[in-house]
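Dumped target.cif below, it's mmCIF, C-alpha atoms:
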data_coords
loop_
_atom_site.group_PDB
_atom_site.id
_atom_site.type_symbol
_atom_site.label_atom_id
_atom_site.label_comp_id
_atom_site.auth_asym_id
_atom_site.auth_seq_id
_atom_site.Cartn_x
_atom_site.Cartn_y
_atom_site.Cartn_z
ATOM 1 C CA MET A 1 42.805 108.900 43.522
ATOM 2 C CA LEU A 2 44.819 109.409 46.716
ATOM 3 C CA ARG A 3 45.361 113.033 47.678
ATOM 4 C CA ARG A 4 48.916 114.050 48.555
ATOM 5 C CA ASN A 5 49.496 115.850 51.859
ATOM 6 C CA PRO A 6 52.156 118.573 51.285
ATOM 7 C CA MET A 7 52.856 118.964 54.993
ATOM 8 C CA ALA A 8 53.397 115.249 55.502
ATOM 9 C CA ALA A 9 55.753 115.110 52.530
ATOM 10 C CA LEU A 10 57.723 118.067 53.895
ATOM 11 C CA ALA A 11 58.011 116.388 57.306
ATOM 12 C CA LEU A 12 59.324 113.217 55.702
ATOM 13 C CA VAL A 13 61.942 115.141 53.731
ATOM 14 C CA LEU A 14 63.083 116.986 56.873
ATOM 15 C CA ALA A 15 63.321 113.728 58.835
ATOM 16 C CA LEU A 16 65.479 112.184 56.139
ATOM 17 C CA LEU A 17 67.725 115.237 56.065
ATOM 18 C CA VAL A 18 68.184 115.124 59.853
ATOM 19 C CA ALA A 19 68.975 111.415 59.776
ATOM 20 C CA ALA A 20 71.556 111.981 57.071
ATOM 21 C CA THR A 21 73.349 114.633 59.129
ATOM 22 C CA LEU A 22 73.480 112.569 62.337
ATOM 23 C CA PRO A 23 76.928 111.140 63.203
ATOM 24 C CA ALA A 24 77.349 107.465 62.399
ATOM 25 C CA THR A 25 77.612 106.616 66.104
ATOM 26 C CA ALA A 26 74.110 107.961 66.706
ATOM 27 C CA GLN A 27 72.679 105.825 63.933
ATOM 28 C CA GLN A 28 74.410 102.532 64.656
ATOM 29 C CA LYS A 29 76.771 101.153 67.303
ATOM 30 C CA THR A 30 78.761 97.959 67.240
ATOM 31 C CA THR A 31 78.376 95.916 70.417
ATOM 32 C CA VAL A 32 81.622 94.415 71.716
ATOM 33 C CA VAL A 33 81.243 91.882 74.536
ATOM 34 C CA PHE A 34 84.220 91.911 76.924
ATOM 35 C CA SER A 35 84.416 88.955 79.330
ATOM 36 C CA ALA A 36 86.483 90.175 82.271
ATOM 37 C CA GLY A 37 87.139 88.631 85.678
ATOM 38 C CA PRO A 38 85.503 87.664 88.970
ATOM 39 C CA THR A 39 84.683 90.138 91.698
ATOM 40 C CA GLY A 40 87.862 91.389 93.325
ATOM 41 C CA GLY A 41 91.340 91.435 91.861
ATOM 42 C CA THR A 42 92.539 93.583 88.994
ATOM 43 C CA TRP A 43 90.806 92.082 85.976
ATOM 44 C CA THR A 44 87.367 93.641 86.478
ATOM 45 C CA PRO A 45 88.521 97.241 87.099
ATOM 46 C CA MET A 46 91.099 96.914 84.332
ATOM 47 C CA ALA A 47 88.368 95.742 81.958
ATOM 48 C CA GLY A 48 86.295 98.768 82.929
ATOM 49 C CA ALA A 49 89.212 101.102 82.257
ATOM 50 C CA THR A 50 89.894 99.365 78.932
ATOM 51 C CA ALA A 51 86.256 99.695 77.902
ATOM 52 C CA GLU A 52 86.249 103.417 78.731
ATOM 53 C CA VAL A 53 89.441 104.026 76.760
ATOM 54 C CA ILE A 54 87.948 102.252 73.737
ATOM 55 C CA LYS A 55 84.605 104.079 73.902
ATOM 56 C CA LYS A 56 86.329 107.438 74.331
ATOM 57 C CA LYS A 57 88.441 106.916 71.220
ATOM 58 C CA PHE A 58 85.748 105.175 69.167
ATOM 59 C CA PRO A 59 82.229 106.022 70.428
ATOM 60 C CA GLU A 60 80.730 103.752 67.792
ATOM 61 C CA LEU A 61 82.030 100.740 69.750
ATOM 62 C CA ASP A 62 79.680 99.856 72.604
ATOM 63 C CA VAL A 63 81.914 97.758 74.875
ATOM 64 C CA GLN A 64 79.875 95.730 77.364
ATOM 65 C CA VAL A 65 81.868 94.252 80.273
ATOM 66 C CA GLU A 66 80.681 90.925 81.696
ATOM 67 C CA PRO A 67 81.964 88.833 84.633
ATOM 68 C CA GLY A 68 84.401 86.083 83.717
ATOM 69 C CA ALA A 69 87.677 84.343 84.554
ATOM 70 C CA ALA A 70 90.587 82.945 82.546
ATOM 71 C CA LEU A 71 88.954 79.595 81.785
ATOM 72 C CA VAL A 72 85.443 81.070 81.500
ATOM 73 C CA ASN A 73 86.605 83.719 79.045
ATOM 74 C CA MET A 74 88.246 81.157 76.803
ATOM 75 C CA GLU A 75 85.103 79.027 76.860
ATOM 76 C CA LYS A 76 82.978 82.050 75.890
ATOM 77 C CA ILE A 77 85.221 82.853 72.941
ATOM 78 C CA ARG A 78 85.278 79.197 71.915
ATOM 79 C CA ASN A 79 81.468 79.249 71.840
ATOM 80 C CA ASP A 80 81.117 82.680 70.154
ATOM 81 C CA GLN A 81 79.737 84.323 73.313
ATOM 82 C CA ALA A 82 82.375 87.054 73.648
ATOM 83 C CA ASP A 83 84.477 89.302 71.426
ATOM 84 C CA LEU A 84 87.169 90.192 73.965
ATOM 85 C CA GLY A 85 88.427 88.587 77.142
ATOM 86 C CA TRP A 86 91.288 88.471 79.595
ATOM 87 C CA SER A 87 93.477 85.416 79.473
ATOM 88 C CA MET A 88 96.927 84.198 80.407
ATOM 89 C CA THR A 89 99.485 82.939 77.921
ATOM 90 C CA ASN A 90 99.475 79.438 79.413
ATOM 91 C CA VAL A 91 95.672 79.190 79.064
ATOM 92 C CA LEU A 92 95.814 80.476 75.482
ATOM 93 C CA SER A 93 98.557 77.996 74.642
ATOM 94 C CA ASP A 94 96.623 75.076 76.142
ATOM 95 C CA ALA A 95 93.352 76.029 74.440
ATOM 96 C CA ARG A 96 94.936 76.386 71.007
ATOM 97 C CA GLY A 97 96.864 73.139 71.439
ATOM 98 C CA GLY A 98 94.029 71.135 72.991
ATOM 99 C CA GLN A 99 96.100 70.438 76.095
ATOM 100 C CA GLY A 100 95.319 70.324 79.809
ATOM 101 C CA GLN A 101 91.753 71.355 80.548
ATOM 102 C CA TRP A 102 91.229 71.916 76.832
ATOM 103 C CA LYS A 103 91.926 68.357 75.787
ATOM 104 C CA GLY A 104 89.157 67.492 73.349
ATOM 105 C CA LYS A 105 88.102 71.157 73.178
ATOM 106 C CA GLN A 106 90.879 72.605 71.049
ATOM 107 C CA THR A 107 90.050 75.981 69.516
ATOM 108 C CA ASP A 108 91.774 78.365 67.141
ATOM 109 C CA LYS A 109 89.176 81.105 67.696
ATOM 110 C CA ALA A 110 91.158 82.848 70.443
ATOM 111 C CA LEU A 111 93.690 85.299 68.992
ATOM 112 C CA TYR A 112 96.161 87.684 70.600
ATOM 113 C CA VAL A 113 95.506 91.410 70.963
ATOM 114 C CA ALA A 114 97.785 92.848 73.653
ATOM 115 C CA ASN A 115 100.106 92.088 76.533
ATOM 116 C CA TYR A 116 99.126 93.969 79.694
ATOM 117 C CA TYR A 117 101.191 92.877 82.683
ATOM 118 C CA ALA A 118 103.015 89.944 84.204
ATOM 119 C CA ASN A 119 101.257 87.450 86.483
ATOM 120 C CA VAL A 120 104.295 86.281 88.406
ATOM 121 C CA TRP A 121 104.538 83.040 90.372
ATOM 122 C CA GLN A 122 105.377 83.993 93.960
ATOM 123 C CA LEU A 123 105.709 81.397 96.713
ATOM 124 C CA ALA A 124 106.392 82.842 100.160
ATOM 125 C CA VAL A 125 107.329 81.070 103.396
ATOM 126 C CA PRO A 126 108.339 82.408 106.821
ATOM 127 C CA ALA A 127 112.077 83.118 106.919
ATOM 128 C CA GLU A 128 112.262 81.224 110.221
ATOM 129 C CA SER A 129 110.993 78.021 108.587
ATOM 130 C CA ASP A 130 113.278 75.287 107.255
ATOM 131 C CA VAL A 131 111.612 75.406 103.824
ATOM 132 C CA LYS A 132 114.237 76.336 101.221
ATOM 133 C CA SER A 133 112.979 74.384 98.218
ATOM 134 C CA ILE A 134 109.777 72.863 96.877
ATOM 135 C CA LYS A 135 110.779 69.426 98.111
ATOM 136 C CA ASP A 136 111.035 70.785 101.653
ATOM 137 C CA LEU A 137 107.238 71.231 101.618
ATOM 138 C CA LYS A 138 106.662 67.477 101.712
ATOM 139 C CA GLY A 139 104.321 66.662 104.590
ATOM 140 C CA LYS A 140 104.013 70.283 105.679
ATOM 141 C CA PRO A 141 100.766 72.292 105.995
ATOM 142 C CA VAL A 142 100.210 74.547 102.990
ATOM 143 C CA ALA A 143 97.618 77.217 102.091
ATOM 144 C CA LEU A 144 96.421 76.707 98.509
ATOM 145 C CA PRO A 145 94.278 78.622 96.005
ATOM 146 C CA ALA A 146 90.697 77.431 95.559
ATOM 147 C CA ARG A 147 90.180 74.421 93.299
ATOM 148 C CA GLY A 148 89.823 75.445 89.659
ATOM 149 C CA ASN A 149 92.058 78.489 90.119
ATOM 150 C CA THR A 150 94.926 78.770 87.623
ATOM 151 C CA SER A 151 97.332 79.440 90.510
ATOM 152 C CA LEU A 152 96.554 75.940 91.773
ATOM 153 C CA ALA A 153 96.325 74.052 88.472
ATOM 154 C CA ASP A 154 99.156 75.802 86.603
ATOM 155 C CA GLY A 155 101.204 77.014 89.530
ATOM 156 C CA TRP A 156 101.254 74.574 92.419
ATOM 157 C CA GLU A 157 100.546 71.424 90.449
ATOM 158 C CA ASN A 158 103.220 72.202 87.855
ATOM 159 C CA ILE A 159 106.007 73.064 90.283
ATOM 160 C CA LEU A 160 105.213 69.979 92.325
ATOM 161 C CA LYS A 161 105.144 67.819 89.208
ATOM 162 C CA VAL A 162 108.592 68.900 88.009
ATOM 163 C CA ASN A 163 109.895 68.008 91.472
ATOM 164 C CA GLY A 164 108.402 64.517 91.350
ATOM 165 C CA MET A 165 105.594 65.447 93.741
ATOM 166 C CA SER A 166 101.855 66.075 93.760
ATOM 167 C CA LEU A 167 99.355 67.773 96.051
ATOM 168 C CA ASN A 168 99.072 64.460 97.907
ATOM 169 C CA ASP A 169 102.670 64.851 99.067
ATOM 170 C CA LEU A 170 101.841 68.015 100.985
ATOM 171 C CA GLY A 171 100.614 67.935 104.552
ATOM 172 C CA PRO A 172 97.290 69.432 105.710
ATOM 173 C CA LYS A 173 95.889 71.677 102.976
ATOM 174 C CA SER A 174 93.579 74.671 103.258
ATOM 175 C CA TYR A 175 91.998 75.969 100.050
ATOM 176 C CA GLY A 176 90.698 79.490 99.599
ATOM 177 C CA PRO A 177 91.243 83.009 98.269
ATOM 178 C CA VAL A 178 94.563 84.763 98.578
ATOM 179 C CA SER A 179 93.498 86.688 101.693
ATOM 180 C CA SER A 180 92.634 83.519 103.614
ATOM 181 C CA ASN A 181 95.879 81.886 102.454
ATOM 182 C CA ALA A 182 97.821 84.778 103.948
ATOM 183 C CA GLU A 183 95.885 84.523 107.204
ATOM 184 C CA ALA A 184 96.653 80.812 107.425
ATOM 185 C CA VAL A 185 100.394 81.520 107.219
ATOM 186 C CA LYS A 186 100.100 84.373 109.719
ATOM 187 C CA ASN A 187 98.304 82.096 112.168
ATOM 188 C CA ARG A 188 100.942 79.361 111.757
ATOM 189 C CA GLN A 189 98.345 77.032 110.212
ATOM 190 C CA ALA A 190 100.415 76.840 107.011
ATOM 191 C CA VAL A 191 104.054 77.338 106.096
ATOM 192 C CA ALA A 192 103.581 78.473 102.493
ATOM 193 C CA ALA A 193 101.302 80.393 100.153
ATOM 194 C CA GLY A 194 101.849 80.772 96.413
ATOM 195 C CA TRP A 195 99.995 82.669 93.674
ATOM 196 C CA PHE A 196 100.281 84.065 90.174
ATOM 197 C CA THR A 197 99.844 87.798 90.703
ATOM 198 C CA VAL A 198 101.415 91.209 90.145
ATOM 199 C CA VAL A 199 104.692 92.391 91.667
ATOM 200 C CA PRO A 200 104.656 93.582 94.376
ATOM 201 C CA ALA A 201 101.983 91.127 95.519
ATOM 202 C CA SER A 202 99.520 92.310 98.124
ATOM 203 C CA PHE A 203 99.645 88.968 99.950
ATOM 204 C CA VAL A 204 103.439 89.139 100.244
ATOM 205 C CA LEU A 205 103.277 92.706 101.557
ATOM 206 C CA ASP A 206 100.568 91.639 104.007
ATOM 207 C CA LEU A 207 102.519 88.644 105.269
ATOM 208 C CA GLY A 208 105.726 90.624 105.415
ATOM 209 C CA SER A 209 104.144 93.182 107.710
ATOM 210 C CA THR A 210 103.943 90.545 110.462
ATOM 211 C CA MET A 211 106.994 88.349 109.804
ATOM 212 C CA LYS A 212 110.176 88.164 107.750
ATOM 213 C CA LEU A 213 109.782 86.056 104.616
ATOM 214 C CA ARG A 214 111.732 83.882 102.237
ATOM 215 C CA MET A 215 110.613 83.443 98.624
ATOM 216 C CA ILE A 216 111.156 80.066 96.967
ATOM 217 C CA GLY A 217 112.498 80.616 93.475
ATOM 218 C CA ILE A 218 112.401 78.386 90.408
ATOM 219 C CA THR A 219 115.678 76.985 89.116
ATOM 220 C CA ASP A 220 116.603 76.923 85.433
ATOM 221 C CA GLU A 221 116.162 73.134 85.443
ATOM 222 C CA GLU A 222 112.697 73.407 86.978
ATOM 223 C CA PHE A 223 111.666 76.110 84.524
ATOM 224 C CA ALA A 224 112.833 74.078 81.540
ATOM 225 C CA GLN A 225 110.516 71.286 82.654
ATOM 226 C CA ILE A 226 107.657 73.718 83.340
ATOM 227 C CA GLN A 227 107.972 75.171 79.849
ATOM 228 C CA LYS A 228 107.808 71.657 78.402
ATOM 229 C CA ILE A 229 104.460 71.292 80.165
ATOM 230 C CA ASN A 230 103.265 74.617 78.754
ATOM 231 C CA PRO A 231 105.281 76.866 76.400
ATOM 232 C CA GLY A 232 103.078 79.817 77.369
ATOM 233 C CA PHE A 233 105.153 80.382 80.512
ATOM 234 C CA ALA A 234 108.016 82.891 80.510
ATOM 235 C CA ARG A 235 110.995 83.465 82.801
ATOM 236 C CA TYR A 236 110.801 86.359 85.271
ATOM 237 C CA THR A 237 113.133 87.864 87.871
ATOM 238 C CA ILE A 238 111.799 89.766 90.870
ATOM 239 C CA LYS A 239 114.486 92.359 91.410
ATOM 240 C CA ALA A 240 116.347 92.701 94.680
ATOM 241 C CA GLY A 241 114.833 95.418 96.799
ATOM 242 C CA VAL A 242 111.205 94.921 95.808
ATOM 243 C CA TYR A 243 110.559 92.985 99.016
ATOM 244 C CA LYS A 244 113.503 94.244 101.073
ATOM 245 C CA ASP A 245 111.254 95.373 103.939
ATOM 246 C CA GLN A 246 109.685 91.899 103.987
ATOM 247 C CA GLY A 247 113.056 90.232 104.454
ATOM 248 C CA ILE A 248 113.729 89.211 100.833
ATOM 249 C CA ALA A 249 116.986 90.923 99.914
ATOM 250 C CA ASP A 250 118.135 89.186 96.715
ATOM 251 C CA ASP A 251 116.801 88.640 93.190
ATOM 252 C CA VAL A 252 114.182 85.898 92.990
ATOM 253 C CA HIS A 253 114.210 83.891 89.748
ATOM 254 C CA THR A 254 110.734 82.612 89.012
ATOM 255 C CA PHE A 255 108.314 82.515 86.056
ATOM 256 C CA GLN A 256 105.226 84.272 84.799
ATOM 257 C CA SER A 257 102.136 83.907 82.681
ATOM 258 C CA PRO A 258 101.229 87.366 81.402
ATOM 259 C CA THR A 259 97.734 88.806 81.556
ATOM 260 C CA VAL A 260 96.806 89.294 77.917
ATOM 261 C CA LEU A 261 93.834 90.607 76.003
ATOM 262 C CA ILE A 262 92.471 88.134 73.471
ATOM 263 C CA ALA A 263 89.794 88.451 70.812
ATOM 264 C CA SER A 264 87.587 86.124 68.847
ATOM 265 C CA SER A 265 88.519 85.348 65.272
ATOM 266 C CA LYS A 266 84.822 85.934 64.534
ATOM 267 C CA THR A 267 85.128 89.606 65.517
ATOM 268 C CA PRO A 268 85.870 91.754 62.439
ATOM 269 C CA ALA A 269 89.432 92.953 61.907
ATOM 270 C CA ASP A 270 88.382 96.606 61.687
ATOM 271 C CA VAL A 271 86.808 96.383 65.157
ATOM 272 C CA ILE A 272 89.912 94.851 66.752
ATOM 273 C CA TYR A 273 92.099 97.356 64.894
ATOM 274 C CA LYS A 274 90.189 100.134 66.651
ATOM 275 C CA VAL A 275 90.357 98.310 69.994
ATOM 276 C CA THR A 276 94.128 97.921 69.669
ATOM 277 C CA LYS A 277 94.677 101.513 68.589
ATOM 278 C CA ALA A 278 92.571 102.794 71.491
ATOM 279 C CA ILE A 279 94.260 100.775 74.226
ATOM 280 C CA VAL A 280 97.796 101.455 73.004
ATOM 281 C CA GLU A 281 97.231 105.186 72.621
ATOM 282 C CA GLY A 282 95.249 105.382 75.876
ATOM 283 C CA ARG A 283 97.493 103.062 77.904
ATOM 284 C CA ALA A 284 98.469 105.784 80.405
ATOM 285 C CA ASP A 285 94.979 105.512 81.938
ATOM 286 C CA PHE A 286 95.629 101.903 82.995
ATOM 287 C CA ALA A 287 98.219 102.975 85.569
ATOM 288 C CA ASN A 288 95.304 104.431 87.566
ATOM 289 C CA VAL A 289 94.041 100.860 88.035
ATOM 290 C CA SER A 290 97.361 99.091 88.548
ATOM 291 C CA PRO A 291 100.782 100.742 88.992
ATOM 292 C CA VAL A 292 102.404 97.878 87.058
ATOM 293 C CA MET A 293 101.036 99.464 83.872
ATOM 294 C CA LYS A 294 102.891 102.728 84.451
ATOM 295 C CA GLY A 295 105.288 103.454 81.626
ATOM 296 C CA VAL A 296 104.287 100.457 79.508
ATOM 297 C CA THR A 297 105.328 100.907 75.874
ATOM 298 C CA PRO A 298 103.601 99.961 72.586
ATOM 299 C CA GLN A 299 106.380 97.438 71.979
ATOM 300 C CA GLN A 300 105.670 95.775 75.328
ATOM 301 C CA MET A 301 101.951 95.624 74.570
ATOM 302 C CA ALA A 302 102.770 94.063 71.201
ATOM 303 C CA GLN A 303 104.870 91.296 72.787
ATOM 304 C CA ASN A 304 102.899 88.175 71.892
ATOM 305 C CA PHE A 305 105.107 85.365 73.320
ATOM 306 C CA GLY A 306 104.769 83.429 70.082
ATOM 307 C CA MET A 307 100.960 83.504 70.049
ATOM 308 C CA PRO A 308 99.096 84.367 66.812
ATOM 309 C CA PHE A 309 97.790 87.927 66.535
ATOM 310 C CA HIS A 310 94.247 88.855 65.586
ATOM 311 C CA PRO A 311 94.563 90.403 62.079
ATOM 312 C CA GLY A 312 93.210 93.740 63.339
ATOM 313 C CA ALA A 313 95.797 93.942 66.115
ATOM 314 C CA GLU A 314 98.617 92.873 63.812
ATOM 315 C CA LYS A 315 97.697 95.564 61.289
ATOM 316 C CA TYR A 316 97.889 98.303 63.919
ATOM 317 C CA TYR A 317 101.174 97.117 65.431
ATOM 318 C CA ARG A 318 102.783 96.970 61.986
ATOM 319 C CA GLU A 319 101.571 100.481 61.165
ATOM 320 C CA ILE A 320 103.280 101.942 64.233
ATOM 321 C CA GLY A 321 106.409 99.800 63.869
ATOM 322 C CA ALA A 322 105.873 97.859 67.104
ATOM 323 C CA ILE A 323 106.337 94.631 65.158
ATOM 324 C CA LYS A 324 107.941 93.913 61.789
#

Take the structure in this file and express it as structure tokens.
Amino acid sequence: MLRRNPMAALALVLALLVAATLPATAQQKTTVVFSAGPTGGTWTPMAGATAEVIKKKFPELDVQVEPGAALVNMEKIRNDQADLGWSMTNVLSDARGGQGQWKGKQTDKALYVANYYANVWQLAVPAESDVKSIKDLKGKPVALPARGNTSLADGWENILKVNGMSLNDLGPKSYGPVSSNAEAVKNRQAVAAGWFTVVPASFVLDLGSTMKLRMIGITDEEFAQIQKINPGFARYTIKAGVYKDQGIADDVHTFQSPTVLIASSKTPADVIYKVTKAIVEGRADFANVSPVMKGVTPQQMAQNFGMPFHPGAEKYYREIGAIK
């Protein structure tokens, strides 16, 4: 017969009692993979702030931030390699519709969680130049975003297309990051630089510190054609005064593709419910990363531009009355 050890039995009982009294977060955490952005820009620090807000509200969610980019993030979600990711409404629209770069790779796995801030198309030229419309750029030297960047593919290529032009119609082209584009204009090596970015844009402020600028807007006719290309785009007006010191005195009518948080349909609804609750209730912290988030409301975060919500996000927004 086996002899029982009273001390060992007592130790086992005590261990079980301790385990039972531990908080759930100490026993088990749910890993949430967040695919963010490349080095530099706002996406990576904003992802970090978002992760901290979520973990503070719900410690049982272990949010792990990874490098990414708009197209990379969508690909990760399509292949079940991420739970959360930054995107833009035009990318989400293309991916769900199997259009553009997603032709043949259509996916319904990417679902909407929250609207963060506007990525506004801003095309600046020296005020002294004779460029007053897109067509005036024909044959002229232009500084362009790096190949593969959404500001090139969905910004430049689209506005040229709706004007019956292509990149081939431009003069000498220099490709690179926004900082090098600005330097090219400063050094008179280019007459234009255009990007999707926040308002006010750092490259416009930089350029405007050395010369007076003009911003090329988008007409209603041009925007109607752009939206036919991709319904994820939305109209936007840069208010008069934003760039007054840079020489731009009037409203500039342009368009935007908002930065949005998306989630995988494979990620449980209760997890995304918690994510949504945390970011909406902790949204004040995001203004520390980007001033454009200051004063954002739950209703603004719930604006989905016609994209389908993740069930967890939809449940939370309905509970607080942000959507009906």

How close does segment 234-306 of chain A get to segment 75-99 of chain A? List, as a Markdown table, each residue of segment 234-306 of chain A within 12 Å, its nearest atom pair and the distance in Å to one decimal, counting only C-alpha atoms.
| residue | atom | partner | partner_atom | distance |
| --- | --- | --- | --- | --- |
| A:Ala234 | CA | A:Thr89 | CA | 8.9 |
| A:Phe255 | CA | A:Asn90 | CA | 11.5 |
| A:Gln256 | CA | A:Thr89 | CA | 9.1 |
| A:Ser257 | CA | A:Thr89 | CA | 5.5 |
| A:Pro258 | CA | A:Met88 | CA | 5.4 |
| A:Thr259 | CA | A:Met88 | CA | 4.8 |
| A:Val260 | CA | A:Ser87 | CA | 5.3 |
| A:Leu261 | CA | A:Trp86 | CA | 4.9 |
| A:Ile262 | CA | A:Gly85 | CA | 5.5 |
| A:Ala263 | CA | A:Leu84 | CA | 4.5 |
| A:Ser264 | CA | A:Asp83 | CA | 5.1 |
| A:Ser265 | CA | A:Asp83 | CA | 8.4 |
| A:Lys266 | CA | A:Asp80 | CA | 7.5 |
| A:Thr267 | CA | A:Asp83 | CA | 6.0 |
| A:Pro268 | CA | A:Asp83 | CA | 9.4 |
| A:Ala269 | CA | A:Asp83 | CA | 11.3 |
| A:Val271 | CA | A:Asp83 | CA | 9.7 |
| A:Ile272 | CA | A:Leu84 | CA | 9.0 |
| A:Val275 | CA | A:Leu84 | CA | 9.6 |
| A:Thr276 | CA | A:Leu84 | CA | 11.3 |
| A:Gln303 | CA | A:Thr89 | CA | 11.2 |
| A:Asn304 | CA | A:Thr89 | CA | 8.7 |
| A:Phe305 | CA | A:Thr89 | CA | 7.7 |
| A:Gly306 | CA | A:Ser93 | CA | 9.4 |

Selected residues written out with C-alpha atoms, as an mmCIF file, keeping the file's coordinate frame:
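The resulting file, result_1.cif, is reproduced below:
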data_model
loop_
_atom_site.group_PDB
_atom_site.id
_atom_site.type_symbol
_atom_site.label_atom_id
_atom_site.label_comp_id
_atom_site.auth_asym_id
_atom_site.auth_seq_id
_atom_site.Cartn_x
_atom_site.Cartn_y
_atom_site.Cartn_z
ATOM 1 C CA ALA A 234 108.016 82.891 80.510
ATOM 2 C CA PHE A 255 108.314 82.515 86.056
ATOM 3 C CA GLN A 256 105.226 84.272 84.799
ATOM 4 C CA SER A 257 102.136 83.907 82.681
ATOM 5 C CA PRO A 258 101.229 87.366 81.402
ATOM 6 C CA THR A 259 97.734 88.806 81.556
ATOM 7 C CA VAL A 260 96.806 89.294 77.917
ATOM 8 C CA LEU A 261 93.834 90.607 76.003
ATOM 9 C CA ILE A 262 92.471 88.134 73.471
ATOM 10 C CA ALA A 263 89.794 88.451 70.812
ATOM 11 C CA SER A 264 87.587 86.124 68.847
ATOM 12 C CA SER A 265 88.519 85.348 65.272
ATOM 13 C CA LYS A 266 84.822 85.934 64.534
ATOM 14 C CA THR A 267 85.128 89.606 65.517
ATOM 15 C CA PRO A 268 85.870 91.754 62.439
ATOM 16 C CA ALA A 269 89.432 92.953 61.907
ATOM 17 C CA VAL A 271 86.808 96.383 65.157
ATOM 18 C CA ILE A 272 89.912 94.851 66.752
ATOM 19 C CA VAL A 275 90.357 98.310 69.994
ATOM 20 C CA THR A 276 94.128 97.921 69.669
ATOM 21 C CA GLN A 303 104.870 91.296 72.787
ATOM 22 C CA ASN A 304 102.899 88.175 71.892
ATOM 23 C CA PHE A 305 105.107 85.365 73.320
ATOM 24 C CA GLY A 306 104.769 83.429 70.082
#

Query raised in the report: For the atom pair atom CA of Asp62 of chain A and atom CA of Arg283 of chain A, what is the interatomic distance in Å to one decimal place?
Result: 18.9 Å

Query raised in the report: For the atom pair atom CA of Val142 of chain A and atom CA of Lys228 of chain A, what is the interatomic distance in Å to one decimal place?
Result: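 Rounded to one decimal, the two atoms are 25.9 Å apart.
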
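Our summary of the geometry notes that atom CA of Lys239 of chain A is positioned 26.4 Å from atom CA of Ala322 of chain A.
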
Around segment 212-223 of chain A, with edges along x, y and z and 4 Å added on all six sides, what centre and edge lengths do you get, in Å to one decimal, as AutoDock Vina command-line options?
--center_x 113.2 --center_y 80.6 --center_z 96.1 --size_x 14.8 --size_y 23.0 --size_z 31.2

Requested in this report: Identify which of the residues A:Pro291, A:Gly48, A:Trp195, A:Ala124 lies closest to Gly217 of chain A, counting only C-alpha atoms when measuring atom-to-atom distances.
Outcome: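 Checking each candidate against Gly217 of chain A, we get A:Ala124 as the closest.
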
Query - Spatial neighbours of Asn288 of chain A, 12 Å, all atoms listed in the file, chain gap at least 3 places, as a PyMOL selection string - result: chain A and resi 42+45-46+48-50+282-285+291-295

Query raised in the report: Taking the file as shown, what set of residues would the PyMOL selection byres ((chain A and resi 183-188) around 12) give back, as a PyMOL selection string?
Result: chain A and resi 123-129+140-145+172-182+189-194+203-204+206-213

Report task. Can you work out which one of A:Gly247, A:Gly68, A:His253, A:Thr197 has the shortest atom-to-atom distance to Asp220 of chain A, counting all atoms listed in the file? Result ->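 Selected residue with least distance to Asp220 of chain A: A:His253.
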
Requested in this report: Could you tell me which of A:Asp130, A:Glu281, A:Asp251, A:Glu52 comes closest to Phe34 of chain A if we count all atoms listed in the file?
Outcome: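 Looking only at the distances to Phe34 of chain A, the closest residue turns out to be A:Glu52.
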
Requested in this report: On this file, the PyMOL selection byres ((chain A and resi 300) around 9) gives some set of residues; write that set as a list in words.
Outcome: Ala114, Asn115, Tyr116, Val296, Thr297, Pro298, Gln299, Met301, Ala302, Gln303, Asn304 and Ala322 of chain A

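Here the question is which of A:Arg214, A:Lys55, A:Lys324, A:Lys315 gets nearest to Gln246 of chain A using all atoms listed in the file, and that residue is A:Arg214.
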
Interface rows for segment 191-265 of chain A against segment 152-162 of chain A: nearest pair, Å to one decimal, 7 Å, only C-alpha atoms, as a tab-separated table:
residue	atom	partner	partner_atom	distance
A:Glu222	CA	A:Val162	CA	6.2
A:Gln225	CA	A:Val162	CA	6.2
A:Ile226	CA	A:Asn158	CA	6.5

Requested in this report: Can you work out which one of A:Val131, A:Asp245, A:Met74, A:Phe223 has the shortest atom-to-atom distance to Thr107 of chain A, counting all atoms listed in the file?
Outcome: A:Met74

**Report entry** Option closest in space to Ala110 of chain A, from A:Phe233, A:Ile216, A:Phe309, A:Val198 [counting all atoms listed in the file]
**Finding:** A:Phe309
